[in-house]
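Inspection log for the structure reproduced underneath, given as structure tokens.
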Amino acid sequence: MTTIAAGARLPVARRSVVEREHYLNESVGVRSWLLTTDHKRIGILFLIAITFFFVAGGIAALLMRINLLTPNGYIVDPETYNRLFSMHGIMMVWFFLIPSIPAVLGNFVVPMMIGARDLAFPRLNLLSWYIFVLGGLFTLADVVMGGVDTGWTFYTPFSSTYSNSAVVLAIVGVFISGFSSILTGLNFIVTIHKMRAPGMTWFRLPLFIWSMYTTAVILVLASPVIAITLVLVALERLFHIGIFDPRFGGDPLLFQHLFWFYSHPAVYIMVLPAMGVVSELVACFSRKRVFGYKFVAFASISIGVLGFLVWGHHMFVSGQAIYASVVFSFLSYVVAVPSAIKVFNWTMTMRKGHVHFATPMLYAYGFIGLFTIGGLTGLFLAALGLDAHVHDTYFVIAHFHFIMVGGSVMAYLGGIHYWWPKISGKLYPEMWGRISAVLIFAGFNLTFLPQFILGYLGMPRRFPHYPPEFQALNVMSTAGASILGLGYLLPLLYLAWSARYAQNAPPNPWGATGLEWQTESPPPTHNFEVTPVVTEEPYDYGEIEGAYA
Amino acid sequence: MPDAHLAQQFDDPAQQREAAKLGMWVFLMSEILFFGGMFTAYITYRVDHPIAWVIASHHLDFWLGTTDTALLLISSLTMALAVHSAQEGSRWVTALFLTLTMILGLLFLGIKFFEYAKHYGEGLFPGFNFTYKGPYQREIFLFMSFYFTMTGWHAIHMIVGLGLLSGMLAITLAGKFSKAWHNPIVITGLYWHFVDIVWIFLYPCFYLVNTR
Amino acid sequence: MVAVIPMVAAGIPLFPPSASSVSWRVDRLFFGLCAFSVIVVGIVFFGNLYFAIRYRNGSHADRSNQIHDSTPIEWTWTIITAIVFFGYFVWGLQPYFDDFRPPADAMNIYVVGRQWMWKIEHPDGRREINQLHVPVGQSIQLNLISQDVIHSFGVPAFRLKRDVLPGRYETVWFRPTKPGTYHLFCDQYCGAFHSDMAGQIVVMDGARYQQWLSQVRTSTPMAREGSELFRRHGCVECHKPGGRGPELSGLPGRLVHLSDGSVLIADDDYIRESILAPGTKLVAGYPPIMPTFQGQLSEMQISELIAYIKSLGIEEQEVRPQ
């Protein structure tokens, strides 16, 4: 594998992008995009779609936080608030987080990283996008019909019998989006198994691929369960079949088991790809191979496997058998170990490296810090004796936002910035990148740290009204949310600006290793004219004083 | 010589074949989890209501269910034979076995349709016409709900399978398959066998519930 | 956490009151985990900061002999982490188990949750809505059931929470140790006015509790209400000595043989199910002739019937606050 020597000052491409043919300009027009089978274009289609839902879900969040400025609801009535948090959860989980890194960055980067011309099933890839959009349309229709008010967790019998909102429509939207996930996962598994370039053995794969592979397996195995579970809720709602409502002879806890059997692995769908991105960023911006490569790779696999065994930790006070809870608590501590290992490994990677503080690295640091805090608070929740107090409070909300937003979203943004030159052929403005990263980090902490305190004080989740003594902490959190919102707005603006007006990017602006950096920026449609042959280990930075332009 | 069937993302036909097969296996794994959710719920309630389940099972027609099972097992045989003759490159024999498989599948669905209509007439169709009154009414309602939901999803998968088979038949009759290129039939065979196996689990769950 | 000092000064609450016999144990575990977290965050933060500064691009630190992996280091920090985590797992067990073992002298309070209020009944028949007055030092067992969707009975000051399910009883117990008024929250989203389904637990010392007892209108004890229901709905017609139904005296906790050959121990859920769906768990040797009372009795009335059945065959005891 030829690498551009780390440190070489690469000439900034002076040729205009129009002269050279690449995947963005090889055909023009809406049809060429809507009927594309190029994984890179499909990645961009997903980018557009999920950004839309990120904004929609984010607006819902801002409205929620504004409402929480006063104890009695500042701007909306409780019923509207309930719909806001439900739509926020549904859109953020299924229409932003789950597809984000896999369907945007994964689609774009995975084939190139392994030396392939495309994914194994390009048409299925496009189908996956259309299915995603269809599911999204149903969800938007649900918003138009007033939104669903069950929470993204659809607990029965409220969702199956008592709710007066558009439950079935929301279920249809989520059900459909599940198939998008399954197809993406299927594509990645087959691609990684069958289409690696010659010489690309499993242990020469970048760690991003290990993470994406594990994620893909979870996507394939877990998504069907939420699909059928929601179908059963819809059937209960329509026909009162008696599966989840005790009034008809059903067991509401059965729903919770089925729901969390999917939804816990789902959170690993959200965090494993982020960890994969962080491995790439830390290696590149320390100019050093990730410490303990094999341990990190196996940690990914163990997180994926163990993640299927801990779902009952969402049900410690739900009426679950005591001894089941004991087992789930134990396994929850076990699954935390490989995550901790990864953090140690990333930290050790920087030792004796050459650390650069480019925007992607700032996001990687953000991930490491915030994921560590989020993960540690998971230990609090896994403790049986403590969970009874903090279950269903803002402590839980803070915990999962630290991981999903402080972790996954930061890693996603880090990855977007890192691969932006490859995706768009342009260099984003570095100063604005750093400002946004810092703003997001600050806003995030101000938003969610007070929520840990609120949670331990006992403020429950999903509360449009709260006792007056909680107001100060809520106001702090809302202030943070405004800063966070501003922080997210900036990349939206400058990345869009850069796509048109910024300086062209060279093939390897970061001097990174990895097959995706051996192509032009942007790459040609078929990535590689000749299938590369891999002869070296990944992250082969060597002991060179490294610098890039 | 460029292979007309080789998709541009693959380096050689063998890679394409193996990728397609692995893809179908991975998809079938997801299908196992899909049906698995339903089976989990079914088992939960069967353990809770063993007597009601026996009584409810007696409302199903044992012989129709058994005939269905026989039809599907034979259709798996004809499917396997279709794959085999495709591997041999025999156009007409392949078409014959594909057709037989489809006929058996259609017969299966025909019987299912007949059964569904019968249960509707008997007032055992939850949500549309359920008039059963007697002991364990609620549990029988639940059993029948599982019956229609699970065999219904199975039937939907069968219909998809029939669609795949007709596609394969059309391509076979057009002479496009050969010894060198017949992978889609292999993949379709995998799918069809899977749908058959699901039925093999559904059959005892609904038709063979007996007391010890 | 520099922000803490001005927040405390401003009167912003940072920690919930500690008012039950187990609060301190939960808090101890919490602070134990906090200590561990501070250490880990410290290590990670300072580790990253140190490496970032020392090995920043352009610095002249010694970068020879780079290590890219070390199996001993990996196993060391894996095992240490696993051991510490296991320690916290074990630490968390005792409080959880104790939650499920109420003391024998616990006073039974019956709670019915419904959209969007808590209906509470004391054994002496006193009823409260969204409020529960209890004497300090008295163990209380809550018997919880919902009339509709899943709710959750949460009292932060007691570090207590239990989901309240429809169709099934859940119990949780506590012993309040400090007089005061504490938040009661519904902790499981239950619809439009979920956040208004809040109330207070009022813990009173002996004298004030007696005063409250005398002020509140006395009402019929639950067991007596239950016996009235038992008569009014005709239960006594079959469930009497020599009658067509089984004897109910001493039923709670007794082994029951069912017609399908299985055996169970009669608990509140079994009694409730026998009232609402009598054919489901039929007692061996009895004909399936008991009608269902589904729709004729409220959840609280069922609780009163259960209280009555529990009182059969034992001396009536008046609960005396300590």
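In the structure tokens, each chain is lettered A, B, ... as it comes, each chain's residues begin at 1, and ligands are numbered from 1 in order of appearance.
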Please report, as JSON lines, each residue of chain B lying at most 9 Å from chain A, together with the nearest pair of atoms and the separation in Å rounded to one decimal; use only C-alpha atoms, and order rows by chain and ascending residue number.
```
{"residue": "B:Gln8", "atom": "CA", "partner": "A:Arg117", "partner_atom": "CA", "distance": 7.9}
{"residue": "B:Gln9", "atom": "CA", "partner": "A:Arg117", "partner_atom": "CA", "distance": 5.3}
{"residue": "B:Phe10", "atom": "CA", "partner": "A:Met195", "partner_atom": "CA", "distance": 7.6}
{"residue": "B:Asp11", "atom": "CA", "partner": "A:Met195", "partner_atom": "CA", "distance": 8.6}
{"residue": "B:Gln15", "atom": "CA", "partner": "A:Lys194", "partner_atom": "CA", "distance": 6.7}
{"residue": "B:Gln16", "atom": "CA", "partner": "A:Ala120", "partner_atom": "CA", "distance": 8.1}
{"residue": "B:Glu18", "atom": "CA", "partner": "A:Lys194", "partner_atom": "CA", "distance": 7.5}
{"residue": "B:Ala19", "atom": "CA", "partner": "A:Val190", "partner_atom": "CA", "distance": 5.9}
{"residue": "B:Ala20", "atom": "CA", "partner": "A:Val190", "partner_atom": "CA", "distance": 8.2}
{"residue": "B:Leu22", "atom": "CA", "partner": "A:Val190", "partner_atom": "CA", "distance": 6.3}
{"residue": "B:Gly23", "atom": "CA", "partner": "A:Val190", "partner_atom": "CA", "distance": 5.9}
{"residue": "B:Met24", "atom": "CA", "partner": "A:Leu186", "partner_atom": "CA", "distance": 8.8}
{"residue": "B:Val26", "atom": "CA", "partner": "A:Leu186", "partner_atom": "CA", "distance": 6.2}
{"residue": "B:Phe27", "atom": "CA", "partner": "A:Leu186", "partner_atom": "CA", "distance": 6.7}
{"residue": "B:Met29", "atom": "CA", "partner": "A:Leu221", "partner_atom": "CA", "distance": 6.8}
{"residue": "B:Ser30", "atom": "CA", "partner": "A:Leu221", "partner_atom": "CA", "distance": 5.2}
{"residue": "B:Glu31", "atom": "CA", "partner": "A:Pro224", "partner_atom": "CA", "distance": 7.1}
{"residue": "B:Ile32", "atom": "CA", "partner": "A:Leu221", "partner_atom": "CA", "distance": 8.5}
{"residue": "B:Leu33", "atom": "CA", "partner": "A:Pro224", "partner_atom": "CA", "distance": 5.8}
{"residue": "B:Phe34", "atom": "CA", "partner": "A:Pro224", "partner_atom": "CA", "distance": 4.6}
{"residue": "B:Phe35", "atom": "CA", "partner": "A:Ile228", "partner_atom": "CA", "distance": 7.7}
{"residue": "B:Gly36", "atom": "CA", "partner": "A:Val225", "partner_atom": "CA", "distance": 7.7}
{"residue": "B:Gly37", "atom": "CA", "partner": "A:Val225", "partner_atom": "CA", "distance": 5.7}
{"residue": "B:Met38", "atom": "CA", "partner": "A:Ile228", "partner_atom": "CA", "distance": 7.0}
{"residue": "B:Thr40", "atom": "CA", "partner": "A:Leu258", "partner_atom": "CA", "distance": 8.6}
{"residue": "B:Ala41", "atom": "CA", "partner": "A:Leu254", "partner_atom": "CA", "distance": 7.3}
{"residue": "B:Thr44", "atom": "CA", "partner": "A:Leu254", "partner_atom": "CA", "distance": 8.2}
{"residue": "B:Tyr45", "atom": "CA", "partner": "A:Gly250", "partner_atom": "CA", "distance": 8.5}
{"residue": "B:Pro126", "atom": "CA", "partner": "A:Ile241", "partner_atom": "CA", "distance": 6.9}
{"residue": "B:Gly127", "atom": "CA", "partner": "A:Phe239", "partner_atom": "CA", "distance": 4.7}
{"residue": "B:Phe128", "atom": "CA", "partner": "A:Phe239", "partner_atom": "CA", "distance": 8.2}
{"residue": "B:Arg138", "atom": "CA", "partner": "A:Gly249", "partner_atom": "CA", "distance": 6.7}
{"residue": "B:Glu139", "atom": "CA", "partner": "A:Gly249", "partner_atom": "CA", "distance": 7.4}
{"residue": "B:Phe141", "atom": "CA", "partner": "A:Ile241", "partner_atom": "CA", "distance": 6.8}
{"residue": "B:Leu142", "atom": "CA", "partner": "A:Ile241", "partner_atom": "CA", "distance": 5.7}
{"residue": "B:Met144", "atom": "CA", "partner": "A:Ile241", "partner_atom": "CA", "distance": 8.8}
{"residue": "B:Ser145", "atom": "CA", "partner": "A:Ile241", "partner_atom": "CA", "distance": 5.9}
{"residue": "B:Phe146", "atom": "CA", "partner": "A:Ile241", "partner_atom": "CA", "distance": 8.5}
{"residue": "B:Thr149", "atom": "CA", "partner": "A:Leu232", "partner_atom": "CA", "distance": 8.7}
```
For the residues selected in the previous step, produce a file with C-alpha atoms as a PDB file, in the first residue's frame.
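File produced: selection10.pdb:
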```
ATOM      1  CA  GLN B   8     -19.053  -3.719 -12.110  1.00  0.00           C
ATOM      2  CA  GLN B   9     -18.360  -3.721  -8.394  1.00  0.00           C
ATOM      3  CA  PHE B  10     -17.176  -7.328  -8.455  1.00  0.00           C
ATOM      4  CA  ASP B  11     -13.840  -8.600  -9.677  1.00  0.00           C
ATOM      5  CA  GLN B  15     -16.996 -13.223  -5.878  1.00  0.00           C
ATOM      6  CA  GLN B  16     -20.397 -12.094  -7.116  1.00  0.00           C
ATOM      7  CA  GLU B  18     -20.570 -15.778  -3.011  1.00  0.00           C
ATOM      8  CA  ALA B  19     -21.602 -12.247  -2.167  1.00  0.00           C
ATOM      9  CA  ALA B  20     -25.155 -12.918  -3.331  1.00  0.00           C
ATOM     10  CA  LEU B  22     -23.963 -14.500   1.817  1.00  0.00           C
ATOM     11  CA  GLY B  23     -26.386 -11.635   1.311  1.00  0.00           C
ATOM     12  CA  MET B  24     -29.351 -13.973   1.244  1.00  0.00           C
ATOM     13  CA  VAL B  26     -27.732 -12.544   6.223  1.00  0.00           C
ATOM     14  CA  PHE B  27     -31.210 -11.518   5.152  1.00  0.00           C
ATOM     15  CA  MET B  29     -30.932 -14.220   9.755  1.00  0.00           C
ATOM     16  CA  SER B  30     -32.936 -11.039  10.035  1.00  0.00           C
ATOM     17  CA  GLU B  31     -36.071 -12.965   9.106  1.00  0.00           C
ATOM     18  CA  ILE B  32     -35.380 -15.444  11.904  1.00  0.00           C
ATOM     19  CA  LEU B  33     -35.350 -12.541  14.349  1.00  0.00           C
ATOM     20  CA  PHE B  34     -38.511 -11.130  12.798  1.00  0.00           C
ATOM     21  CA  PHE B  35     -40.485 -14.331  13.251  1.00  0.00           C
ATOM     22  CA  GLY B  36     -38.614 -14.902  16.494  1.00  0.00           C
ATOM     23  CA  GLY B  37     -40.322 -11.943  18.113  1.00  0.00           C
ATOM     24  CA  MET B  38     -43.692 -13.436  17.326  1.00  0.00           C
ATOM     25  CA  THR B  40     -41.412 -15.382  21.778  1.00  0.00           C
ATOM     26  CA  ALA B  41     -44.749 -13.719  22.435  1.00  0.00           C
ATOM     27  CA  THR B  44     -45.072 -16.621  26.686  1.00  0.00           C
ATOM     28  CA  TYR B  45     -48.817 -16.915  26.418  1.00  0.00           C
ATOM     29  CA  PRO B 126     -60.422 -11.604  15.787  1.00  0.00           C
ATOM     30  CA  GLY B 127     -61.001  -8.029  14.803  1.00  0.00           C
ATOM     31  CA  PHE B 128     -63.427  -8.838  11.997  1.00  0.00           C
ATOM     32  CA  ARG B 138     -60.217 -14.294  25.918  1.00  0.00           C
ATOM     33  CA  GLU B 139     -57.420 -16.815  25.533  1.00  0.00           C
ATOM     34  CA  PHE B 141     -59.235 -14.792  20.994  1.00  0.00           C
ATOM     35  CA  LEU B 142     -55.525 -14.362  21.694  1.00  0.00           C
ATOM     36  CA  MET B 144     -56.544 -16.959  17.022  1.00  0.00           C
ATOM     37  CA  SER B 145     -54.848 -13.562  16.898  1.00  0.00           C
ATOM     38  CA  PHE B 146     -51.478 -15.269  16.987  1.00  0.00           C
ATOM     39  CA  THR B 149     -50.760 -12.822  12.590  1.00  0.00           C
TER      40      THR B 149
END
```
At most 8 Å is the cut-off: for each residue in chain C with any atom that close to an atom of chain B, write down the nearest atom pair and the distance in Å rounded to one decimal, counting only C-alpha atoms, chain first then increasing number, as a Markdown table.
```
| residue | atom | partner | partner_atom | distance |
| --- | --- | --- | --- | --- |
| C:Asp260 | CA | B:Ile51 | CA | 7.9 |
| C:Gly279 | CA | B:Pro135 | CA | 7.3 |
| C:Thr280 | CA | B:Tyr136 | CA | 7.6 |
```
Any chance you can output those residues with C-alpha atoms as a compact mmCIF listing (two decimals), in the first residue's frame?
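So the final result, stored in again03.txt, reads:
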```txt
# COMPACT_ATOMS: atom_id res chain seq x y z
CA ASP C 260 -54.92 -28.60 35.90
CA GLY C 279 -62.01 -19.83 35.34
CA THR C 280 -58.33 -19.15 34.77
```
* Would you list, as a PyMOL selection string, the residues of stretch 47-157 of chain B that end up in helix (DSSP H, G or I) under DSSP run on this structure's backbone? => chain B and resi 47-48+50-57+62-88+91-121+137-157
Within 6 Å of chain A, which residues of chain C show up when using only C-alpha atoms, listed as a short mmCIF file (atom, residue, chain, number, x, y, z; two decimals) with C-alpha atoms, in the first residue's frame?
```cif
data_model
loop_
_atom_site.label_atom_id
_atom_site.label_comp_id
_atom_site.auth_asym_id
_atom_site.auth_seq_id
_atom_site.Cartn_x
_atom_site.Cartn_y
_atom_site.Cartn_z
CA PHE C 15 -29.22 17.18 46.67
CA PRO C 16 -32.51 15.66 47.71
CA VAL C 26 -28.24 4.69 48.33
CA ASN C 48 -5.08 13.23 27.40
CA PHE C 51 -0.05 13.75 26.09
CA TYR C 55 3.49 15.37 22.36
CA ARG C 56 1.91 18.20 20.45
CA ASN C 57 3.18 18.52 16.95
CA ARG C 63 9.39 9.96 20.61
CA HIS C 68 1.90 0.24 19.58
CA ASP C 69 0.50 -2.45 21.80
CA PHE C 85 -16.95 -2.85 38.19
CA PHE C 89 -22.20 -4.56 41.06
CA GLY C 92 -25.58 -2.43 44.53
CA LEU C 93 -27.20 -5.75 45.38
CA PRO C 95 -30.10 -2.24 48.90
CA TYR C 96 -32.06 -3.79 46.03
CA VAL C 149 -51.76 2.47 32.13
CA PRO C 156 -36.96 10.90 45.78
CA ARG C 159 -34.79 6.96 47.13
CA LEU C 160 -37.77 4.81 46.24
CA LYS C 161 -39.50 3.94 43.02
CA ARG C 162 -41.70 1.18 41.74
CA ASP C 163 -43.71 0.93 38.54
CA GLY C 167 -53.60 -6.04 36.27
CA ASP C 187 -42.26 8.33 37.31
CA ALA C 192 -51.35 14.14 29.04
CA SER C 195 -46.45 15.64 35.39
#
```
* To do: Find the residues near B:Ser76: any atom within 8 Å, counting only C-alpha atoms, skip ones fewer than 4 places away on the same chain, and give them as a list in words.
  => Leu72, Ala80, Thr101, Trp192, His193 and Asp196 of chain B
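Compared by their closest atoms to C:Pro179, and using only C-alpha atoms, the residues C:Pro278, C:Gly295, C:Pro135, C:Pro221 rank with C:Pro135 nearest.
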* stretch 438-445 of chain A environment, 6 Å, only C-alpha atoms, sequence neighbours closer than 4 positions dropped, as a list of chain:residue names -> A:Leu449, A:Gly480, A:Ile483, A:Leu484, A:Gly487
* Could you give me, as a count of residues only, each residue of chain B that DSSP assigns to strand (DSSP E or B) when run on this structure's backbone? => 4
